Every structure is written in C-alpha cells, then in structure tokens.
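Here is the structure we will look at.
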There are 4 protein chains.
Amino acid sequence: MSMNTFGHLFRVTTWGESHGPALGATVDGCPPNVPVDEAFLQQFLDKRRPGQNKNMTQRQEPDAVRILSGVFEGKTTGTSVQLMIENTDQRSKDYGDIANTFRPGHADITYHQKYGNRDYRGGGRSSARETAARVAAGGLARAALNHLAPDLKIKGYMTAMGAMQLDRSKLDLNAIDHNDFWLPDATAVQEWEDYLQKIRKDHNSVGATIEVIAQNVPAGIGAPVYAKLDTDLAAAMMSINAVKGVEIGEGMAASSLTGTDNADEIFMGENGPEYSSNHAGGILGGISTGQDLVVRFAVKPTSSILTPRQSIRKDGTAIEVVTKGRHDPCVGVRAVPVGEAMMACVVLDHILLDRGQTGGIRAPLG
Amino acid sequence: MSMNTFGHLFRVTTWGESHGPALGATVDGCPPNVPVDEAFLQQFLDKRRPGQNKNMTQRQEPDAVRILSGVFEGKTTGTSVQLMIENTDQRSKDYGDIANTFRPGHADITYHQKYGNRDYRGGGRSSARETAARVAAGGLARAALNHLAPDLKIKGYMTAMGAMQLDRSKLDLNAIDHNDFWLPDATAVQEWEDYLQKIRKDHNSVGATIEVIAQNVPAGIGAPVYAKLDTDLAAAMMSINAVKGVEIGEGMAASSLTGTDNADEIFMGENGPEYSSNHAGGILGGISTGQDLVVRFAVKPTSSILTPRQSIRKDGTAIEVVTKGRHDPCVGVRAVPVGEAMMACVVLDHILLDRGQTGGIRAPLG
Amino acid sequence: MSMNTFGHLFRVTTWGESHGPALGATVDGCPPNVPVDEAFLQQFLDKRRPGQNKNMTQRQEPDAVRILSGVFEGKTTGTSVQLMIENTDQRSKDYGDIANTFRPGHADITYHQKYGNRDYRGGGRSSARETAARVAAGGLARAALNHLAPDLKIKGYMTAMGAMQLDRSKLDLNAIDHNDFWLPDATAVQEWEDYLQKIRKDHNSVGATIEVIAQNVPAGIGAPVYAKLDTDLAAAMMSINAVKGVEIGEGMAASSLTGTDNADEIFMGENGPEYSSNHAGGILGGISTGQDLVVRFAVKPTSSILTPRQSIRKDGTAIEVVTKGRHDPCVGVRAVPVGEAMMACVVLDHILLDRGQTGGIRAPLG
Amino acid sequence: MSMNTFGHLFRVTTWGESHGPALGATVDGCPPNVPVDEAFLQQFLDKRRPGQNKNMTQRQEPDAVRILSGVFEGKTTGTSVQLMIENTDQRSKDYGDIANTFRPGHADITYHQKYGNRDYRGGGRSSARETAARVAAGGLARAALNHLAPDLKIKGYMTAMGAMQLDRSKLDLNAIDHNDFWLPDATAVQEWEDYLQKIRKDHNSVGATIEVIAQNVPAGIGAPVYAKLDTDLAAAMMSINAVKGVEIGEGMAASSLTGTDNADEIFMGENGPEYSSNHAGGILGGISTGQDLVVRFAVKPTSSILTPRQSIRKDGTAIEVVTKGRHDPCVGVRAVPVGEAMMACVVLDHILLDRGQTGGIRAPLG
C-alpha cells in the first residue's frame, strides 16, 4: 500500500477532501469486458449515503458517482477507471471555527504536526467522506466479481453497538436490508434504535462492531506469508476511518480456546472438502478454504460530540471543544457498506493475483 | 505487500522452508551507516529460539544468523542486506507420514489446493519457522532505530493465555525478561506455567494474546488513508502465523464505548501536547501522536496436537490425525519476539517514509 | 510501475481516454506545503497543447487543468492531488470508420487482441492525449522541485527530425522558447519548418530525437542496482507514446568508444568535484554526479498518415488504410514538454527516495 | 522497482557484493510446479562466468548456484526461491589501494557521496558481479517459460564492438554459441578477436552493442501506458551495469524515418496476423504483436583501464589512477547472457501480469 493506494493488481487510489470540489477513486488493473454502469455503482453509494435516516448525519448529498474513464459501451476496457463524486453540500461555515483547534480523537493534531498545513473543512482528507470513494471502487470490484465468480456473495451487518449485542441464535441475513442498522435480526431493531436515540440526545456517541462475510469464495486464493488473504483483509478494514480492531473467524477469542476446541475437522463431501466448523473464518495459512470468509471490525465512537472535551489550539492554549455540525452518533452504521466494499476489493484482487501466479488452476483432491 | 515482501521503503522479503537447507530475510532500503553485527541480531533470535525451556518445542537449533551482504566494516552500506539462518536440525522423518494427509487447522489443504505441490516437511513454507527470518530483519530494524531514534523502545509481552489473564493492576514491564512467558507480572508466572503444563499433559494446546508497545515514537509518522500506521501494524501482525485478530489501543472494546469515555483529552505540556489517556493506542487518523503505540494480537492454539482429529488424505479418504513431533503447546510464547520484530520494521519503515515525503520536519505547535 | 502508475514515492497514476469526458493524473506522495495553483500548471499544458501552430494537429482544446484535491489555500496538503482535464473537442465522427480496422503502427490490433474491447475513438487510452496528464503531473513535480531544489532547471529540445540534425556547435538553449520546434538554434528553424511542411504535403510524417537535460541536480540521488536514476529515466521516457529508444549521456554511441575516450576525469573544484567531460550524462553507477543529467529519446514517425497502407479488419479481411483526421506530421514536436514532465517527476521522486533512505545527507568530500 | 528489486509479479531482489561471502537473488512470485534444478540454472551462469577465455577477466570463480528455498522434489513450490552464489576467489588485496580513491567512470564517487560508506573491494555492490544473480534469476524465469510458453526462444548476441559492426546480411543465429563473442557471424570472429586483443594490449577498453530477441512471444502481453512491455524492457536493460542506451526495434534510428518507411503493414495469415516488416520490434502501444521482440543496448567501455586517468581521493587531493586487477577489455561480451536473463524475467513477468488481469484470453481475430 502506498499512501493513498491499496491492492496488488486491482489497485485503488482514492483522492479528495470532505469539502473540496470532488472526491473519487482511480482504479487500475480492472479486468476488461466487465459490464458496469453508473447506476450499478450508485446502489452501493446510496447505501452509504448520509442523510438517509435519523440515525445518520443530516448532511444531504446525492453522492452521484460518474465514470470518467475506463468504461466504453457499457464494459470496462482494462485501463484505469476514474470514479468521481462531486461534493455539492459543502456548508463549510459549519467548520470554520475549528481551523485552529484540535478536536480530541480526530486527526487534526497529528495531521498538523506531520504536514503543517491542514484542510480543516470537515476533516479534509481525514473525513469519513473518503469512504464514499471506497464504496464506488468496491462497486466496480463487485461488478468484476459478478463476472468472474458469479456465485460469490458479500454481506455486511452490525453485530454490536455500545451495549447492544446481536443474539447470534436469531441471525437472519435476510433481515439486513430492511432496517437502518444493517442488523440481521428484525426483532432487535427497535431496541437498537431506542438505544441510539438516547445516546444522541445525551450528546454522546457510541462504537460498533461490523461483520462482513463472503460466501462461495473459491478455495486457494491468498498466499502463505505476507500477501495472506487475512493480512490484506486486516489491512483493508483497519484502513477505514475509526476502526480499532480486526478479527478473522474466532478473532481475539482464539486466545482463550484450546486446540481441541479450535480444530475445524475436515470431511470429504460430494463437491470437495467440508469442515465441521469455521473457527478459521475461511482462511488457513493465508489461503482461502472455500468456507465463508468471516471478518469483523470494531469502530470507535464518533469523536465529534456535543459534550465538551478539553483540548488545545495550534498556539498551545487550552480550549473546551464542542463539536457542532452534522455528525452520526454511531459511524459504525455507515461503515457497513464500506466494509463490504473493502471485502469486494480484496477478494477480487486476490482472485487476480492467484490467476497471475497459478493460472487459477486447483489441484485435484479426492 | 507482494507475496513474500512487506514494507514500503524498508522492505523485507523472507524465504525458506522449515526443513530446507536455510531460510532468511533479504532486506532492501536500510539506511546506510547503521552499526550492526551478527551478535546484535543474534540476541533477538535467541529470544525466539525453540528448545529453550519446557514450554517450547524441544527442537534444538542454534538459529545462528549470518550477514551475507550489505554490511561492511561494521556498518550498513545502504544496499540489500541478506540475513541467512541455516537449518541444522532437520529430522524430517518425524514428518514423513503426513505427506498425503491434511492436518486440521494447518495450511496443508489450502496450500495443496492452490499450488498442487507442497513441501510437507514440517509445514514447509507455512511453518512458524519462517518467523525466525522476521526476527532477524526486526533486529536490523532495531539497529537502525537505535541510530535514528535512540530513545525509542519496543516491548512485547503476553496478556492472556487460555484461561489466564494478565492483571493489569500488576503490570510491571521489568518482569518481562525474567520468565519464560514474557509475562509482565512476576507473581503470576507459576500459575501460568502450571496451567500450560496441564494443557500439554492433556495432549492439548492453547491460544494467547500478545501486546507490543513502542515508547518514544516521534509524532507525525503514518499517513491518513492507506499507509496508515495502524493499517501497516495490523497487516504486519496479522501476517504472523496463527494470528486471528489485531487491535490498536482499545481495539475491539472500542465497540462498546461511548464518545465521552473514549475521548483522549489534550493538554499542553512542557514538551508538547499531552493526553489524558491513550484509548487511541498512540495513533490518530493513521498518524502517530507521540504517545505509546499499543498493538495487541491473538494467536490461535497450536493446531498440532496429540489428541486425534478427523481429517482427509489427498485422495479424499478419511483419516484420524494425531500430530506427533515437537510442538509448542502455546505458540503465542514464541510470538512475542516476532511481534516486537514486526513493530520495529513497521516503525522504521514509517520513519523513512515520513522523511521521504516531509523531510521529517514537524510543524510548530504551541 | 503498475499498469497506469509510475514512481516510487511521488506516484502518478494517469487515467482517461482521448474522447471520454475527461482525463487526468492522480498524484500520490507529493510533499506538503508546495505552493501551486492551476495557472502554474497550465503554462506547461499550454506548451504541449495541440493547435498552436501549423506544425501541429489543428484539434482545438483549451486543455484546462483543474486541481480537484490535495491543494488547500494555495499549497499542497500532502495528500493525493487530482488533476483533471476535461475533453471539450471530441469530434468523434472523424474516427468512427476505424472501429473495425487496425491502423498499421497503432496499438489498435494489440489492444484488441489483449482486451477484446477497444475504445476506438481517437486511439482511446493509447492516444498521445494521455500525455497531457503527464504534463500536468510534471507541472506539480516542478512546483515541488522549485520548493526543494530551487536552482534545478529542466530543459527539453529537439536535436533531430528526419533528415534534419542539430548542429551542436550552434547550440543555444535561449533559443528554445522562441520557435515552434523547441530548437536550440534559431538559425536552423526555417529549414526545419520547410522540411516538415514538405513532409506534410507529401502525406507523410517523420520521426524526431528529443534531448532533455536537468541542471543543478544534487549529487547522490539514485541507487546502484534497480532504482538507478538512469533506469527510471529510461523507463519514464520509453513509456511515452511512440518512443523507440532512450539514451543517457553518450547513449548508443558508447558502443564505439574506447575507455580512454570515455573517461570523465575528476578534479577538485571550489565547490566539490568537477569533471573534464560528461560522457556519463550525469550518472555514475545509477547515482547522480551533480553534472547535468542528459537524456535523449527517439520518437517514431506518426503512424497516422494520408498515404495508403495495407492492413486488416477485425474479421481478417484486407483493407487499405488512409488515416484522415487531424494528426501531427511529427509527434516529436509535442513530445518535448512531455519529456520535460517525465524528467521532473523522476528527479523529484529520487530526491524524495534518497531523503527517505539517507536523510539527504551527503558525505564530506575534500 | 524498489531499490534492489525488479518485476511486478515475478519479482527479483538481488543482494551481495563483489567480495563479500556470497551474492544471490531472492525470487518471489514464481509459478508453482516448474521443473528446475541447480544444473539447469548453472548452464546460464557458465555462459556469463569470468575466466573462460582470453577476452575476459581471468578471475576464476566456479559461480556455482545453490537453490536454498522454493524448490521441492524438483519443482517450484510457488514460494520465494533463494538462489545463492558463494564468492570463492576474493583476492581483495588487488583492490585495497583504491579504498580512498575514486576511479573515473565508476560509481565510487557517487556511492561515497550518497552513502558515505563504501565497500571498496572490487566495486562492492556496484560491481558487474551483481549480474551473476540476475543470470541465476533469469535461468529460473526460463524454466518457467519453458513450462508456460514452450516455443518461446531467447537469443542474445553482439552487433557492435568499438569499430567492429555486425554485417546483418551475414546474420546467422546458429553461430552465436560457437565463438567467444556471441557473434552471429562465424566469418567475422577472427577480426573481432584481433581487434579486441589490440585494445587490450593498448591498455584500453571498448564499448559494445548487444541485441536480444525473443521469438514466439504470445501476442497481447504488456499494457498501454506505464507497464508497457517496451518500458519494462528498457528499464531492465538500462539497469545492467555500464548500459547507456536502449532501443526497441528501429530504436534511435526511428528518428530519421518517415511514416511510409516505418509502417509495418498487416496481412492476414493462416495462423493470425502477419506483418510486412518489424520496425516496431514486436511491440505496438506497449503490447506484444507476436512478432519477434527486438531489444538492443549499448555498453560503455570498461572504465577500469591501465592507461592513467586523472582523479581525486576522498580528501580531494589529485591522483592519477591506473586500475590494475583483472578486468574485461569489453564488458559487453559478458553482458550478453545478462541481457538474455533480463529478457526472460520481463517476458515471464508480463505473461503472469496479463494472465492476472485478462486470464490470458485473446480476442478472436479474423
């Protein structure tokens, strides 16, 4: 990963600030002849878009994505694809008073120390708005995956938000698209909503955990040492704003398991190997097993809150910061489509990388 | 990261299999004029070496590292440094019976599916033995850090092992080097040892959590989007064998915090900004704050256990696998120096990367 | 270099087709605090722009560059800079008849074979129009160089065009900006112009040689093996459309020299080493000497000519191709500012790379 | 390319100094299941080896290559391959007197200025001995090409040496392996040898031009903008020690051609497109046509000569340098197998890269 780029062969470089004229993603290495258009990409941006419901910031942006290059007559050409989203709602005066203040929990202070020159409007490059570009690139990755691995499905959902925890016995992936929290349990939605509204009214915010799975991933993508599938998934998720932890399969809980508990036993099924369980999260030795890929990540609570916090100005003087403006009480909600987008990019990248090295040929088994 | 390489400017490519003639690390991009010799590197390899105590595999290897290039008259020349460790104890007959068997929890099956051609001796390239090369490279990174950032300290220790948990109220970093578990609490060592011996006698194994911190890291290293310091740390730790989760600062627990709890308030100190707490783990917006970097990772229990597990052979027939041989009941123990090595490599790489882009100049503050 | 990206730390990814809505360059890794605006970049695009004089294609495009990101309050922020040029004159009907025809000497046939899906409008991605994005990126590199190495000067000029050859005894760099050929000899301009007009009237085209020099380059940038300064310059120039050869210093003529002739003898001057000559073109062992960098490249004659050539259609049937449309009789003329842009990008990249590894510190000498 | 690495997917990192204990190549990304052993690689090293005949340095080294990793039971495993060559003839006292002297035409002075710390024994990292590692890596690339593209042939030969020029009307590729100059004209060998012996006796040296071709390269490898096949070939050849110019097809002579002369007309043959000529050198728009790839490069005369040249010491004092030791009067002779090795690496890399992006599928034509 160079500074604004991720991926080996499917390489995504994002650009743009929260309140500049536009932001976007430059995608290099997309396979040719992938059917894609702006409407296909837009559906993913619409999922991430602010202002959709009362659990999100009320900033109103159409977030309309334009394809400026690399697609001709409805198909990718194999050259770089430019995906641009113009910023239309740039009410920058909301943010003007923070030009000289460092908001606790934000990149303001580190960015200033490093670069000495900060676009303070809405967080500039450090704004979560950057993730719109990832979602656009992820949409392109999905179009390519639909072409190369039509059965592959990617689904993201919340599993925790502050004191709320998903009851896994009620997990229903069909519920995800029918509530504001991407919650796979329709029966819990009201409780989560009440909880979050209380957090908001308390001038507070809260963290969340998101799980993203990929189903029907071909076995054999990834590599044993550093281009591990789990390594790249961890990097992809940790690169999302506000993420503080990433887990594959059992994740941190693997620490408390014994070897007998943790073993995913192997049996020969009709269509290849089958496993008694999926503690591994679909990855062994950095390479996909063909089971579901299971990744989770935790998002910290929004740092922009109305409750005053102590901080300093550029000149070192103390200030009590109250972050006004339009902020999500739980940024985790909007991180769901972003996590899905990163999963799509990583899986596609590894399918291409595997095809490059091995031709995509799988050794016979059984 | 390409397949066997990590790092942007300080680039480490590891090579070698568990039972081949040698393994090592090819390190490109090391700064010139760094004082280093084999003895300096050896101390880190000695920490990781198997067979040191009864909590480790009894495989006996001196793991002597040789510097084959890039160092002249006791200093790095600025060209690629080759660090080689010859394999001397290769009792490969221990492993011969597993050539056609896939051990549950191992990369055997995925490696076979992907490459169709596996070095089955002791795990081949997927062996934890690969981490010896990382430790050698990490030693070189430390030598460079001693040169460039003399106050910087890196310390790794265990915080959990199965049912055992570090009591943080007793945390004492001085204790780390005086017990077999790199445990920062001398009073708990006997209990951890008894616990692990019981696990071993039960023909079982257990997972662990390791925390690695870096103290006196300069503020301003890292970048806001994909070459984030936390992204690269997550990738580095997740790339270590058997790691299933990575956390920065609060990690997965950030999910359950509120914004008021999580805020690290900022105050002006005599030597720059100071913070009321370090929930962030020393990183804001991908860039170091100057506080301690705090990274944790969970290692799954050793998959090689004497308790039988169901699996299949290459031909698809069922087999009950009992993994004999010399295996650690908790690979987490030896992951401590590996985690330290990865921390050293990532921090050095980001110091160089920052120096390349900004000249290493920090904006005035206060 | 990945497919549409070049550079190590100053990384330029270009995107866009000849007749799409826009094209541009996404530049990652620019140092922060570099003063730059659109007007500064525009001057370089204006040098390259078509339609300026009768020796160029009459396609009329303002080629106005917009900065969409990475610059705030007149300075770079250190994040990715998006430089976009909208295509305004897209008379695509000129090109419609070639959708199924492969023009000799063009990428039409290879692009079709590889990707099976070609934007045939004006060459699509293979159009020399892509070089406008390089010139924009090169402008940004120059802004950064002005900031980091204020004395450094980059100058490109033609040294040959078909039968015309620069008389080096008359070389006058001050003449370059005062004629349509960037010719460093005012006395030869009329003859070159008459020659080229005859070529055009003959429905023909002609090749050219361009030399680009950089003066006051710091000693010590580059590296000994693969990130050699000459390697990266060769790659940069060879990546320009229609270039078939690249030379450093003596170039291909080094083949016929003896060691006594070729030696650049070294003397100690007041401000460091001085050399009796510059056969080396300012580079020894991949590293700059501090002498002028001297690079030359040859551009083949424009393949699009009005004289009929034999070719085939997609279906394999024969066709006689006459390429109508607006084409330069010598694309080498417009390659001059492109070569300058590539030089700027490479030199800046190596200054950053050197600073990353060595801190930019030079060893004392004398 | 990072500092000591080249290639996109087939990545070669070389390491080692002329007079250190060993040198070698770490090769990442090799396809699995490629049959290869040390004897196969050794044949290429034997071609490059010094001391074979009186036209080469009399340094005697077996240059025996060892495979330390990545090959198991006679086939590549898909993981990193370590190729090591131990240095056995290190008579370093020959070079001891130059520790403080900068030899004209050598990297001594630039290396010192940049790194401030130089392995002066035999040129250290800047020695042409580094190319032995390239030849080993190129041997591995050839093994993989034999596996993936069995009809592909790579041939290198000299076309000029000082005043000697190949008469192309007598070109006979079968002659190459039967003379010391890799000269494709048996009738000229004696004259070339006499010429070179005279150069040697005059205490002088001379440059050379080498041409490397690849036959039966699949159409469609390469890319249109920066990962052009010609760009990567130019970089590969320019990275070889002492190379000052690189040409594809017509090369620098393209400058003097007209469009009608330069057009390679296209006809439909029985097995695909055929061309009337190959001015393009097998590449159009950065992508292979299926014609022979034709690359040429010029090597400067050996800088180490017995004729005295003026130079300076580290302390700035003047010195007359006479480079004793064992030096080739024309390093171009040994550059032939090195050029072949680089061709093999680049072509393989592009086959893998193409397979990654497109699946290696070619669009129907005709």
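Each chain in the structure tokens gets a letter, A, B and so on, in the order shown; residues start at 1 in every chain, and ligands are counted from 1 in the order they appear.
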
Item to complete: Residues of chain C no more than 8 Å from chain B, counting only C-alpha atoms: send them over as a PyMOL selection string.
Response: chain C and resi 9+29-32+78+352-359

Going by DSSP on the backbone, which residues of segment 196-293 of chain C come out as helix (DSSP H, G or I)? List them as a ChimeraX atom specification.
/C:196-201,229-238,251-256,259-262

Please list as a PyMOL selection string every residue within 6 Å of Asp264 of chain D, counting only C-alpha atoms and excluding residues in the same chain fewer than 3 positions away. chain D and resi 275-277

What would the file look like if the residues just selected were written as a compact mmCIF listing (two decimals), in the first residue's frame with N, CA, C and O atoms?
```txt
# COMPACT_ATOMS: atom_id res chain seq x y z
N TYR D 275 3.01 -9.50 -40.59
CA TYR D 275 3.45 -8.13 -40.81
C TYR D 275 4.50 -8.11 -41.91
O TYR D 275 5.31 -9.04 -42.02
N SER D 276 4.50 -7.03 -42.68
CA SER D 276 5.46 -6.91 -43.79
C SER D 276 6.88 -6.67 -43.29
O SER D 276 7.84 -6.86 -44.02
N SER D 277 7.00 -6.24 -42.07
CA SER D 277 8.31 -5.87 -41.52
C SER D 277 8.16 -5.77 -40.01
O SER D 277 7.06 -5.96 -39.49
```

Practice task
Using only C-alpha atoms, determine which residues lie at most 7 Å from Met268 of chain C, disregarding the query and same-chain residues fewer than 5 positions distant; provide the list as a list in words.
Solution key: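 That gives Pro273 and Glu274 of chain C; Ile312 and Gly316 of chain D.
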
Output N, CA and C atoms for every residue in that selection, as a PDB file, in the first residue's frame.
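This went into selection-v2.pdb:
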```
ATOM      1  N   PRO C 273      33.613  18.219  -6.534  1.00  0.00           N
ATOM      2  CA  PRO C 273      34.279  17.617  -7.684  1.00  0.00           C
ATOM      3  C   PRO C 273      33.833  18.245  -8.998  1.00  0.00           C
ATOM      4  N   GLU C 274      34.749  18.319  -9.926  1.00  0.00           N
ATOM      5  CA  GLU C 274      34.433  18.764 -11.287  1.00  0.00           C
ATOM      6  C   GLU C 274      34.948  17.722 -12.259  1.00  0.00           C
TER       7      GLU C 274
ATOM      8  N   ILE D 312      40.525  12.141  -8.158  1.00  0.00           N
ATOM      9  CA  ILE D 312      40.784  12.678  -6.816  1.00  0.00           C
ATOM     10  C   ILE D 312      40.613  11.572  -5.775  1.00  0.00           C
ATOM     11  N   GLY D 316      40.114  14.954  -1.488  1.00  0.00           N
ATOM     12  CA  GLY D 316      40.100  15.993  -2.505  1.00  0.00           C
ATOM     13  C   GLY D 316      41.416  16.176  -3.236  1.00  0.00           C
TER      14      GLY D 316
END
```

Excluding same-chain residues fewer than 4 positions from Thr258 of chain D, what lies within 10 Å of it counting only C-alpha atoms, as a ChimeraX atom specification?
/C:161-163,199,204-208,300-303,305,329-330 /D:254,262-263

message: I'd like the contact shell of segment 215-218 of chain C - 10 Å cut-off, only C-alpha atoms, skipping same-chain residues fewer than 2 positions apart - returned as a ChimeraX atom specification.
response: /C:149-155,213,220-221,282,288-294,347-348,351,360,362

Quick one: distance from atom CA of Leu229 of chain C to atom CA of His112 of chain D in Å, one decimal?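 Computed distance, atom CA of Leu229 of chain C to atom CA of His112 of chain D, equals 16.0 Å.
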
(Q) Which residues are close to Asn87 of chain B, i.e. within 10 Å by only C-alpha atoms, leaving aside same-chain residues fewer than 2 positions away? Reply as number ranges by chain. (A) B: 16-23, 61-64, 84-85, 89-90, 129

Using all heavy atoms, can you write the selected residues to a file as a CSV table (one decimal), in the first residue's frame?
```
chain,number,residue,atom,x,y,z
B,16,GLY,N,12.5,-19.4,2.4
B,16,GLY,CA,13.0,-20.6,3.1
B,16,GLY,C,11.9,-21.4,3.7
B,16,GLY,O,10.9,-20.9,4.1
B,17,GLU,N,12.1,-22.7,3.8
B,17,GLU,CA,11.2,-23.6,4.3
B,17,GLU,C,11.7,-24.2,5.6
B,17,GLU,O,12.9,-24.2,5.9
B,17,GLU,CB,10.9,-24.8,3.3
B,17,GLU,CG,10.0,-24.3,2.2
B,17,GLU,CD,10.8,-23.7,1.1
B,17,GLU,OE1,11.9,-24.2,0.8
B,17,GLU,OE2,10.4,-22.7,0.5
B,18,SER,N,10.8,-24.8,6.4
B,18,SER,CA,11.2,-25.4,7.7
B,18,SER,C,12.3,-26.3,7.6
B,18,SER,O,13.2,-26.4,8.5
B,18,SER,CB,9.9,-26.1,8.2
B,18,SER,OG,10.2,-26.8,9.4
B,19,HIS,N,12.3,-27.2,6.6
B,19,HIS,CA,13.3,-28.3,6.5
B,19,HIS,C,14.2,-28.2,5.3
B,19,HIS,O,14.8,-29.2,4.9
B,19,HIS,CB,12.6,-29.6,6.6
B,19,HIS,CG,12.1,-29.9,8.0
B,19,HIS,ND1,11.1,-29.1,8.6
B,19,HIS,CD2,12.5,-30.8,9.0
B,19,HIS,CE1,10.9,-29.6,9.8
B,19,HIS,NE2,11.7,-30.5,10.1
B,20,GLY,N,14.3,-27.0,4.7
B,20,GLY,CA,15.2,-26.9,3.6
B,20,GLY,C,16.6,-26.6,4.1
B,20,GLY,O,16.8,-26.5,5.4
B,21,PRO,N,17.6,-26.3,3.3
B,21,PRO,CA,18.9,-26.0,3.8
B,21,PRO,C,19.1,-24.7,4.7
B,21,PRO,O,19.9,-24.7,5.6
B,21,PRO,CB,19.8,-25.9,2.5
B,21,PRO,CG,18.8,-25.8,1.4
B,21,PRO,CD,17.5,-26.3,1.8
B,22,ALA,N,18.2,-23.7,4.4
B,22,ALA,CA,18.4,-22.5,5.1
B,22,ALA,C,17.1,-21.6,4.9
B,22,ALA,O,16.3,-22.0,4.1
B,22,ALA,CB,19.6,-21.7,4.6
B,23,LEU,N,17.0,-20.6,5.7
B,23,LEU,CA,15.9,-19.6,5.5
B,23,LEU,C,16.5,-18.3,5.8
B,23,LEU,O,17.7,-18.2,6.4
B,23,LEU,CB,14.7,-19.9,6.3
B,23,LEU,CG,14.9,-20.1,7.8
B,23,LEU,CD1,14.9,-18.8,8.5
B,23,LEU,CD2,13.7,-21.0,8.3
B,61,GLU,N,17.9,-26.0,17.7
B,61,GLU,CA,18.5,-25.3,16.6
B,61,GLU,C,19.3,-24.1,17.1
B,61,GLU,O,18.8,-23.3,17.9
B,61,GLU,CB,17.5,-24.7,15.6
B,61,GLU,CG,16.6,-25.7,15.0
B,61,GLU,CD,16.9,-26.0,13.5
B,61,GLU,OE1,18.0,-25.6,13.1
B,61,GLU,OE2,16.0,-26.6,12.9
B,62,PRO,N,20.5,-24.0,16.7
B,62,PRO,CA,21.2,-22.7,17.2
B,62,PRO,C,20.6,-21.5,16.6
B,62,PRO,O,20.7,-20.4,17.2
B,62,PRO,CB,22.7,-23.0,16.7
B,62,PRO,CG,22.6,-24.0,15.7
B,62,PRO,CD,21.4,-24.8,15.9
B,63,ASP,N,20.0,-21.6,15.4
B,63,ASP,CA,19.4,-20.4,14.7
B,63,ASP,C,20.4,-19.3,14.7
B,63,ASP,O,20.1,-18.1,15.0
B,63,ASP,CB,18.2,-19.9,15.5
B,63,ASP,CG,16.9,-20.6,15.1
B,63,ASP,OD1,17.0,-21.5,14.2
B,63,ASP,OD2,15.9,-20.3,15.6
B,64,ALA,N,21.6,-19.7,14.2
B,64,ALA,CA,22.7,-18.7,14.1
B,64,ALA,C,22.5,-17.9,12.8
B,64,ALA,O,22.4,-18.4,11.7
B,64,ALA,CB,24.0,-19.3,14.1
B,84,MET,N,20.9,-14.8,6.7
B,84,MET,CA,20.7,-16.2,6.5
B,84,MET,C,20.8,-17.0,7.8
B,84,MET,O,21.7,-16.8,8.6
B,84,MET,CB,21.6,-16.8,5.4
B,84,MET,CG,21.4,-18.3,5.1
B,84,MET,SD,22.4,-18.9,3.8
B,84,MET,CE,24.0,-19.1,4.6
B,85,ILE,N,19.9,-18.0,8.0
B,85,ILE,CA,19.9,-18.9,9.1
B,85,ILE,C,19.9,-20.3,8.5
B,85,ILE,O,18.9,-20.7,7.9
B,85,ILE,CB,18.7,-18.7,10.0
B,85,ILE,CG1,18.7,-17.2,10.5
B,85,ILE,CG2,18.6,-19.7,11.1
B,85,ILE,CD1,17.3,-16.8,11.0
B,89,ASP,N,18.9,-28.8,12.4
B,89,ASP,CA,18.2,-29.9,13.0
B,89,ASP,C,17.0,-30.2,12.1
B,89,ASP,O,15.9,-29.7,12.3
B,89,ASP,CB,17.8,-29.6,14.4
B,89,ASP,CG,17.0,-30.7,15.1
B,89,ASP,OD1,17.0,-31.9,14.5
B,89,ASP,OD2,16.4,-30.5,16.1
B,90,GLN,N,17.1,-31.0,11.1
B,90,GLN,CA,16.1,-31.2,10.2
B,90,GLN,C,15.4,-32.6,10.2
B,90,GLN,O,14.9,-33.1,9.2
B,90,GLN,CB,16.6,-31.0,8.7
B,90,GLN,CG,17.3,-29.7,8.6
B,90,GLN,CD,17.9,-29.5,7.2
B,90,GLN,OE1,17.5,-30.1,6.2
B,90,GLN,NE2,19.0,-28.7,7.1
B,129,ARG,N,8.5,-21.5,11.6
B,129,ARG,CA,9.9,-21.3,11.5
B,129,ARG,C,10.3,-20.1,10.6
B,129,ARG,O,11.3,-19.4,10.7
B,129,ARG,CB,10.6,-22.5,10.9
B,129,ARG,CG,12.1,-22.5,11.1
B,129,ARG,CD,12.7,-23.9,11.2
B,129,ARG,NE,14.2,-23.6,11.1
B,129,ARG,CZ,14.9,-23.0,12.0
B,129,ARG,NH1,14.3,-22.5,13.1
B,129,ARG,NH2,16.2,-22.7,11.8
```

Quiz prompt | Secondary structure check, strand (DSSP E) residues of segment 175-268 of chain B, as a ChimeraX atom specification | solution = /B:208-215,243-248,266-268

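Taking atom CA of Thr77 of chain B and atom CA of Met343 of chain C as the two end points, the separation is 27.8 Å.
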
Give me, please, the distance in Å between atom CA of Val81 of chain D and atom CA of Ala25 of chain D, quoted to one decimal.
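Taking atom CA of Val81 of chain D as the start and atom CA of Ala25 of chain D as the end point, the length is 8.0 Å.
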
Shortest contact to Asp315 of chain A, candidates A:Asn100, A:Asn271, A:Thr131, A:Gln165, atoms counted only C-alpha atoms, goes to A:Asn100
